[in-house]
>>> print(open('run21.cif').read())   # mmCIF, C-alpha atoms
data_start
loop_
_atom_site.label_atom_id
_atom_site.label_comp_id
_atom_site.auth_asym_id
_atom_site.auth_seq_id
_atom_site.Cartn_x
_atom_site.Cartn_y
_atom_site.Cartn_z
CA MET A 505 106.67 111.37 85.26
CA ARG A 506 104.87 109.05 87.68
CA ILE A 507 101.08 109.09 87.87
CA VAL A 508 99.04 107.24 90.50
CA THR A 509 95.33 106.50 90.62
CA TYR A 510 93.97 105.33 93.97
CA ASN A 511 90.44 104.93 95.28
CA ILE A 512 91.05 105.35 99.01
CA HIS A 513 87.52 104.34 100.12
CA LYS A 514 87.29 107.25 102.58
CA ALA A 515 90.52 105.84 104.14
CA ARG A 516 88.58 102.88 105.51
CA GLY A 517 90.69 99.78 105.13
CA MET A 518 89.84 96.15 104.52
CA ASP A 519 90.10 95.63 108.27
CA GLY A 520 87.32 98.20 108.85
CA ARG A 521 89.73 100.69 110.42
CA LEU A 522 89.70 104.33 109.34
CA SER A 523 93.26 105.65 108.86
CA ILE A 524 94.32 108.47 106.54
CA ARG A 525 97.85 108.10 107.93
CA ARG A 526 97.97 104.58 106.49
CA ILE A 527 96.93 105.92 103.08
CA GLY A 528 99.67 108.55 103.35
CA ASP A 529 102.24 105.87 104.13
CA VAL A 530 101.20 103.89 101.03
CA LEU A 531 101.46 106.98 98.82
CA GLY A 532 104.66 108.23 100.41
CA GLY A 533 106.61 105.28 99.08
CA LEU A 534 105.50 105.79 95.48
CA HIS A 535 107.37 109.08 94.77
CA ALA A 536 104.62 110.24 92.43
CA ASP A 537 104.44 113.49 90.48
CA ILE A 538 100.64 113.30 90.16
CA ILE A 539 98.20 111.42 92.40
CA LYS A 540 94.50 111.02 91.56
CA LEU A 541 92.33 110.09 94.53
CA GLN A 542 88.71 108.96 94.51
CA GLU A 543 86.34 108.73 97.48
CA VAL A 544 88.14 111.39 99.52
CA PHE A 545 86.91 114.08 101.93
CA SER A 546 87.94 117.74 101.81
CA ALA A 547 88.02 120.15 104.74
CA CYS A 548 84.79 121.63 106.09
CA ASN A 549 84.39 123.90 109.12
CA SER A 550 85.81 122.01 112.10
CA HIS A 551 86.49 118.81 110.16
CA ALA A 552 90.04 118.22 108.94
CA GLY A 553 90.16 117.28 105.27
CA GLN A 554 91.69 114.01 104.11
CA MET A 555 92.89 115.65 100.90
CA GLU A 556 94.54 118.50 102.77
CA MET A 557 96.19 116.11 105.25
CA LEU A 558 97.62 114.00 102.44
CA ALA A 559 98.80 117.05 100.48
CA SER A 560 100.57 118.40 103.56
CA HIS A 561 102.09 115.02 104.43
CA LEU A 562 103.41 114.52 100.88
CA GLY A 563 104.35 118.15 100.21
CA LEU A 564 102.05 118.41 97.17
CA LYS A 565 99.59 120.95 95.76
CA ALA A 566 95.93 119.93 95.57
CA ALA A 567 92.74 120.45 93.56
CA PHE A 568 89.38 119.08 94.68
CA GLY A 569 86.24 118.16 92.80
CA CYS A 570 83.20 117.90 95.06
CA THR A 571 80.55 115.46 93.86
CA ARG A 572 78.32 115.69 96.95
CA HIS A 573 78.34 116.21 100.70
CA HIS A 574 78.65 113.02 102.72
CA GLN A 575 78.38 112.97 106.50
CA GLY A 576 78.26 116.76 106.34
CA ARG A 577 81.58 117.07 104.51
CA PRO A 578 82.63 117.76 100.88
CA TYR A 579 83.30 114.42 99.24
CA GLY A 580 84.62 113.51 95.81
CA ASN A 581 87.83 113.37 93.78
CA ALA A 582 91.19 115.04 94.27
CA ILE A 583 94.35 115.68 92.28
CA LEU A 584 97.66 116.05 94.15
CA THR A 585 100.74 117.17 92.27
CA ARG A 586 104.23 118.53 92.75
CA TRP A 587 103.70 121.00 89.86
CA PRO A 588 101.78 124.29 89.87
CA ILE A 589 98.05 123.98 89.19
CA VAL A 590 97.19 126.68 86.64
CA GLN A 591 93.44 126.11 86.99
CA SER A 592 90.94 123.41 87.89
CA HIS A 593 87.31 122.69 87.05
CA ASP A 594 84.58 120.34 88.32
CA MET A 595 82.48 118.30 85.91
CA ASP A 596 79.17 116.74 86.92
CA ILE A 597 78.60 113.38 85.21
CA SER A 598 75.72 112.24 87.43
CA TRP A 599 72.83 110.33 85.85
CA ALA A 600 69.18 110.11 86.83
CA HIS A 601 68.57 109.08 90.45
CA ARG A 602 71.94 107.37 90.86
CA GLU A 603 74.64 108.50 93.32
CA LYS A 604 76.29 111.79 92.34
CA ARG A 605 79.44 111.28 90.28
CA GLY A 606 82.04 113.68 88.95
CA CYS A 607 85.30 114.43 87.23
CA VAL A 608 87.84 117.09 88.17
CA ARG A 609 90.15 118.62 85.56
CA ALA A 610 93.42 120.31 86.49
CA ASP A 611 95.84 122.02 84.10
CA LEU A 612 99.39 121.55 85.35
CA ASP A 613 102.48 123.61 84.55
CA THR A 614 105.08 120.84 84.18
CA PRO A 615 108.74 121.24 83.14
CA ARG A 616 107.78 119.97 79.66
CA GLY A 617 104.72 122.19 79.25
CA THR A 618 101.02 122.10 80.10
CA LEU A 619 99.49 118.77 81.02
CA HIS A 620 95.70 118.40 81.28
CA VAL A 621 94.70 115.78 83.82
CA PHE A 622 91.22 114.44 84.52
CA ASN A 623 90.25 112.40 87.58
CA ILE A 624 87.04 110.42 87.05
CA HIS A 625 84.84 108.21 89.22
CA MET A 626 82.06 106.54 87.26
CA GLY A 627 78.98 104.73 88.53
CA THR A 628 78.34 101.06 89.14
CA SER A 629 75.37 100.70 86.78
CA TYR A 630 75.81 99.68 83.13
CA PHE A 631 73.29 102.24 81.85
CA GLU A 632 74.73 104.89 84.15
CA ARG A 633 78.22 104.47 82.69
CA ARG A 634 76.85 104.60 79.13
CA HIS A 635 75.49 108.06 79.90
CA GLN A 636 78.60 109.14 81.76
CA VAL A 637 81.15 108.23 79.11
CA ARG A 638 79.10 109.97 76.42
CA SER A 639 78.62 113.02 78.63
CA LEU A 640 82.32 113.11 79.41
CA LEU A 641 83.50 112.82 75.82
CA SER A 642 81.02 115.44 74.57
CA SER A 643 81.86 117.95 77.31
CA GLU A 644 83.58 121.20 76.39
CA GLN A 645 85.83 120.72 79.43
CA ILE A 646 87.59 117.77 77.84
CA HIS A 647 88.16 119.42 74.47
CA GLU A 648 88.56 123.18 74.90
CA ASP A 649 91.53 125.34 75.92
CA LEU A 650 94.03 122.55 75.41
CA SER A 651 97.71 123.30 74.92
CA GLY A 652 99.18 119.93 75.91
CA PRO A 653 98.37 116.23 76.16
CA ARG A 654 95.49 114.84 78.23
CA VAL A 655 95.55 112.08 80.82
CA LEU A 656 92.26 110.54 81.98
CA VAL A 657 92.58 108.59 85.18
CA GLY A 658 90.30 107.04 87.75
CA ASP A 659 87.91 104.36 88.89
CA PHE A 660 85.76 103.54 85.87
CA ASN A 661 83.79 100.81 87.68
CA GLU A 662 83.56 98.67 84.55
CA TRP A 663 83.58 95.09 85.78
CA ILE A 664 83.46 93.68 82.25
CA LYS A 665 84.90 95.65 79.35
CA GLY A 666 82.07 97.43 77.53
CA LEU A 667 81.12 100.75 75.99
CA THR A 668 83.21 102.85 78.39
CA THR A 669 86.40 100.98 77.55
CA ARG A 670 85.64 100.94 73.82
CA MET A 671 84.84 104.64 73.55
CA LEU A 672 87.82 105.79 75.62
CA SER A 673 90.19 103.36 73.87
CA ASP A 674 89.06 104.70 70.47
CA ARG A 675 90.19 108.19 71.46
CA PHE A 676 93.12 107.59 73.80
CA GLU A 677 95.97 105.21 74.46
CA SER A 678 95.46 102.96 77.48
CA LEU A 679 97.39 100.70 79.82
CA ASN A 680 95.33 97.64 78.88
CA LEU A 681 98.19 95.88 77.12
CA GLU A 682 100.97 96.98 79.46
CA LEU A 683 100.27 94.48 82.27
CA PRO A 684 99.48 90.75 82.22
CA VAL A 685 95.77 90.14 82.82
CA ARG A 686 96.21 88.70 86.31
CA THR A 687 98.23 91.72 87.49
CA ARG A 688 95.83 94.38 86.17
CA ARG A 689 93.20 93.65 88.80
CA SER A 690 93.04 96.28 91.51
CA TYR A 691 89.81 95.45 93.37
CA PRO A 692 89.24 94.28 96.06
CA GLY A 693 92.60 94.93 97.71
CA LEU A 694 93.19 91.67 99.56
CA LEU A 695 92.21 89.40 96.68
CA PRO A 696 91.92 91.51 93.51
CA LEU A 697 89.50 90.07 90.97
CA LEU A 698 88.47 93.11 88.88
CA GLN A 699 90.21 95.78 86.80
CA LEU A 700 88.23 98.88 87.76
CA ASP A 701 91.07 101.44 87.79
CA GLN A 702 92.57 102.70 84.54
CA ILE A 703 94.76 105.37 82.97
CA TYR A 704 94.13 106.74 79.47
CA PHE A 705 96.54 109.15 77.81
CA GLU A 706 97.66 110.59 74.49
CA ARG A 707 100.92 111.22 72.69
CA PRO A 708 103.56 112.55 73.08
CA LEU A 709 103.31 110.67 76.41
CA HIS A 710 104.78 107.19 76.27
CA VAL A 711 104.42 104.47 78.92
CA GLU A 712 107.73 103.33 80.39
CA LYS A 713 106.47 101.18 83.27
CA VAL A 714 103.22 100.11 84.92
CA GLU A 715 102.91 98.82 88.48
CA LEU A 716 100.06 97.58 90.62
CA ILE A 717 101.16 98.18 94.20
CA ARG A 718 100.59 95.01 96.22
CA THR A 719 102.42 95.51 99.51
CA PRO A 720 101.18 94.23 102.88
CA LEU A 721 100.11 97.80 103.72
CA SER A 722 98.41 98.61 100.39
CA LYS A 723 96.40 95.38 100.51
CA ILE A 724 94.76 96.46 103.75
CA ALA A 725 94.69 100.30 103.58
CA SER A 726 91.77 100.56 101.11
CA ASP A 727 89.49 98.29 99.10
CA HIS A 728 91.45 99.26 95.95
CA LEU A 729 95.14 98.91 95.15
CA PRO A 730 97.11 101.88 93.78
CA LEU A 731 97.88 101.76 90.05
CA VAL A 732 101.09 103.56 89.03
CA ALA A 733 102.30 104.44 85.53
CA THR A 734 105.65 105.99 84.65
CA PHE A 735 105.65 108.07 81.46
CA SER A 736 108.22 109.74 79.28
CA TRP A 737 107.31 112.87 77.31
CA GLU A 738 108.71 112.25 73.86
CA GLU A 739 109.76 114.91 71.37
CA GLU A 740 107.15 115.47 68.67
#
>>> encode(input="run21.cif", output="structure tokens")
Amino acid sequence: MRIVTYNIHKARGMDGRLSIRRIGDVLGGLHADIIKLQEVFSACNSHAGQMEMLASHLGLKAAFGCTRHHQGRPYGNAILTRWPIVQSHDMDISWAHREKRGCVRADLDTPRGTLHVFNIHMGTSYFERRHQVRSLLSSEQIHEDLSGPRVLVGDFNEWIKGLTTRMLSDRFESLNLELPVRTRRSYPGLLPLLQLDQIYFERPLHVEKVELIRTPLSKIASDHLPLVATFSWEEE
């Protein structure tokens, strides 16, 4: 099972060019079962949706979590998957006067059973993230109606490891030790200096391989690089 997290930056690349086709080409080579996208537009009236275009291009099903309307269009986080989506829910983790932020949960019917996946985009302020991680972990959405393992994925915007990392690492496994420090950094794309993107999970999932995709195309297509983890689902 291959899971990707990718902040596509509205499909605006490091060269300033807007190209959802370029994002699709990056993702098309990853052969993922689940893709979590942040900073993506959905369809609205006469506007074609980036999420819908990518889902069609890759032949995947999609669930969208709208955090706000931007430039007149629904904007937020999306989950693309090759497996049936049983249900999906939005979670609002916004704080105070800061930019709206959210998490989308999707329950997937995989060949091994139900998998609960959460796509999260946290804020850039230290105090904002403190509120968001506590709100997330106390939410009924993350604890109730569970029949399989959970995977929490996204852009956590934590430039220096702090409360968000500590609280999530206390409750879930993480990829922190699976990659050398210099290869964990996914932002900015051309010269990555920060580890903002992360995947948290729980048993019986087991990490087989972790990759940070640094191709000529991925370095320019967005301001983040895609992070890919391959999991096995072990017998309990």
>>> closest_residue(input="run21.cif", among="A:Val655, A:Arg616, A:Asp727, A:Ser690", to="Tyr704 (chain A)", atoms="only C-alpha atoms")
A:Val655
>>> atom_distance(input="run21.cif", atom1="CA of Arg577 (chain A)", atom2="CA of Gln699 (chain A)")
29.0 Å
>>> closest_residue(input="run21.cif", among="A:Gly617, A:Leu700, A:Tyr579, A:Arg718", to="Glu739 (chain A)", atoms="all atoms listed in the file")
A:Gly617
>>> resolve_selection(input="run21.cif", expression="the PyMOL selection byres ((chain A and resi 509) around 9)", output="ChimeraX atom specification")
/A:507-508,510-511,538-542,623,657-659,701-703,729-733
>>> resolve_selection(input="run21.cif", expression="the PyMOL selection byres ((chain A and resi 671) around 12)", output="PyMOL selection string")
chain A and resi 633-642+665-670+672-678+704
>>> residues_around(input="run21.cif", residues="region 644-654 of chain A", least_positions_apart="3", cutoff="7 Å", atoms="all atoms listed in the file", output="ChimeraX atom specification")
/A:617-621,641,705-707
>>> residues_around(input="run21.cif", residues="region 513-520 of chain A", least_positions_apart="3", cutoff="7 Å", atoms="all atoms listed in the file", output="JSON, numbers by chain")
{"A": [523, 524, 527, 543, 544, 545, 724, 725, 726, 727]}
>>> resolve_selection(input="run21.cif", expression="the PyMOL selection byres ((chain A and resi 588-591) around 6)", output="VMD selection string")
chain A and resid 587 592 610 to 613
>>> closest_residue(input="run21.cif", among="A:Met555, A:Gly528, A:Leu584, A:Gly533", to="Ile717 (chain A)", atoms="all atoms listed in the file")
A:Gly533
>>> atom_distance(input="run21.cif", atom1="CA of Phe735 (chain A)", atom2="CA of His535 (chain A)")
13.5 Å
>>> axis_aligned_box(input="run21.cif", around="region 581-598 of chain A", padding_each_side="6 Å", output="lines of an AutoDock Vina configuration file")
center_x = 90.0
center_y = 119.5
center_z = 89.7
size_x = 40.5
size_y = 26.4
size_z = 21.1
>>> residues_around(input="run21.cif", residues="Phe622 (chain A)", least_positions_apart="6", cutoff="6 Å", atoms="only C-alpha atoms", output="JSON, numbers by chain")
{"A": [608, 609, 656]}
>>> decode(input="run21.cif", residues="region 571-583 of chain A", atoms="all heavy atoms", output="short mmCIF file (atom, residue, chain, number, x, y, z; two decimals), in the first residue's frame")
data_model
loop_
_atom_site.label_atom_id
_atom_site.label_comp_id
_atom_site.auth_asym_id
_atom_site.auth_seq_id
_atom_site.Cartn_x
_atom_site.Cartn_y
_atom_site.Cartn_z
N THR A 571 -11.94 24.03 3.26
CA THR A 571 -11.61 24.87 4.41
C THR A 571 -12.12 26.30 4.23
O THR A 571 -12.47 26.96 5.19
CB THR A 571 -10.09 24.90 4.65
OG1 THR A 571 -9.42 25.34 3.46
CG2 THR A 571 -9.58 23.52 5.02
N ARG A 572 -12.17 26.77 2.99
CA ARG A 572 -12.68 28.12 2.71
C ARG A 572 -12.86 28.26 1.20
O ARG A 572 -12.47 27.37 0.44
CB ARG A 572 -11.72 29.20 3.22
CG ARG A 572 -10.33 29.17 2.59
CD ARG A 572 -9.40 30.12 3.30
NE ARG A 572 -8.03 30.02 2.83
CZ ARG A 572 -7.46 30.84 1.96
NH1 ARG A 572 -8.17 31.85 1.43
NH2 ARG A 572 -6.20 30.70 1.60
N HIS A 573 -13.43 29.37 0.78
CA HIS A 573 -13.49 29.69 -0.63
C HIS A 573 -12.38 30.69 -0.95
O HIS A 573 -12.20 31.69 -0.24
CB HIS A 573 -14.86 30.26 -1.00
CG HIS A 573 -15.88 29.20 -1.24
ND1 HIS A 573 -16.38 28.40 -0.23
CD2 HIS A 573 -16.49 28.79 -2.39
CE1 HIS A 573 -17.24 27.54 -0.74
NE2 HIS A 573 -17.34 27.75 -2.04
N HIS A 574 -11.64 30.40 -1.99
CA HIS A 574 -10.51 31.24 -2.39
C HIS A 574 -10.67 31.56 -3.88
O HIS A 574 -10.87 30.64 -4.68
CB HIS A 574 -9.19 30.50 -2.12
CG HIS A 574 -7.97 31.28 -2.47
ND1 HIS A 574 -7.62 32.45 -1.83
CD2 HIS A 574 -7.00 31.05 -3.39
CE1 HIS A 574 -6.49 32.91 -2.35
NE2 HIS A 574 -6.09 32.09 -3.30
N GLN A 575 -10.63 32.82 -4.21
CA GLN A 575 -10.85 33.24 -5.59
C GLN A 575 -12.19 32.71 -6.11
O GLN A 575 -12.33 32.33 -7.27
CB GLN A 575 -9.70 32.77 -6.49
CG GLN A 575 -8.35 33.35 -6.08
CD GLN A 575 -7.19 32.75 -6.85
OE1 GLN A 575 -7.33 31.79 -7.60
NE2 GLN A 575 -6.01 33.33 -6.67
N GLY A 576 -13.18 32.66 -5.22
CA GLY A 576 -14.51 32.22 -5.59
C GLY A 576 -14.69 30.73 -5.76
O GLY A 576 -15.75 30.27 -6.22
N ARG A 577 -13.70 29.94 -5.37
CA ARG A 577 -13.77 28.49 -5.56
C ARG A 577 -13.52 27.75 -4.25
O ARG A 577 -12.76 28.22 -3.39
CB ARG A 577 -12.74 28.04 -6.59
CG ARG A 577 -13.02 28.51 -8.00
CD ARG A 577 -11.96 28.00 -8.96
NE ARG A 577 -10.69 28.72 -8.81
CZ ARG A 577 -9.54 28.35 -9.39
NH1 ARG A 577 -9.51 27.25 -10.12
NH2 ARG A 577 -8.45 29.06 -9.21
N PRO A 578 -14.13 26.55 -4.06
CA PRO A 578 -13.85 25.74 -2.87
C PRO A 578 -12.37 25.34 -2.86
O PRO A 578 -11.82 24.89 -3.86
CB PRO A 578 -14.75 24.51 -3.06
CG PRO A 578 -15.78 24.91 -4.05
CD PRO A 578 -15.13 25.90 -4.95
N TYR A 579 -11.77 25.50 -1.69
CA TYR A 579 -10.32 25.33 -1.57
C TYR A 579 -10.04 24.58 -0.27
O TYR A 579 -10.66 24.85 0.76
CB TYR A 579 -9.69 26.71 -1.55
CG TYR A 579 -8.21 26.78 -1.26
CD1 TYR A 579 -7.28 26.41 -2.23
CD2 TYR A 579 -7.74 27.24 -0.04
CE1 TYR A 579 -5.92 26.50 -1.98
CE2 TYR A 579 -6.39 27.34 0.22
CZ TYR A 579 -5.49 26.97 -0.76
OH TYR A 579 -4.13 27.06 -0.51
N GLY A 580 -9.13 23.61 -0.32
CA GLY A 580 -8.82 22.88 0.89
C GLY A 580 -7.97 21.66 0.65
O GLY A 580 -6.96 21.72 -0.07
N ASN A 581 -8.42 20.52 1.20
CA ASN A 581 -7.65 19.28 1.19
C ASN A 581 -8.44 18.19 0.49
O ASN A 581 -9.67 18.15 0.56
CB ASN A 581 -7.34 18.83 2.62
CG ASN A 581 -6.72 19.94 3.44
OD1 ASN A 581 -5.74 20.54 3.05
ND2 ASN A 581 -7.31 20.23 4.60
N ALA A 582 -7.73 17.28 -0.17
CA ALA A 582 -8.40 16.21 -0.91
C ALA A 582 -7.72 14.87 -0.65
O ALA A 582 -6.51 14.81 -0.39
CB ALA A 582 -8.41 16.50 -2.41
N ILE A 583 -8.51 13.82 -0.73
CA ILE A 583 -8.01 12.45 -0.66
C ILE A 583 -8.40 11.74 -1.96
O ILE A 583 -9.59 11.69 -2.31
CB ILE A 583 -8.59 11.70 0.55
CG1 ILE A 583 -8.14 12.37 1.85
CG2 ILE A 583 -8.18 10.22 0.52
CD1 ILE A 583 -8.84 11.82 3.10
#
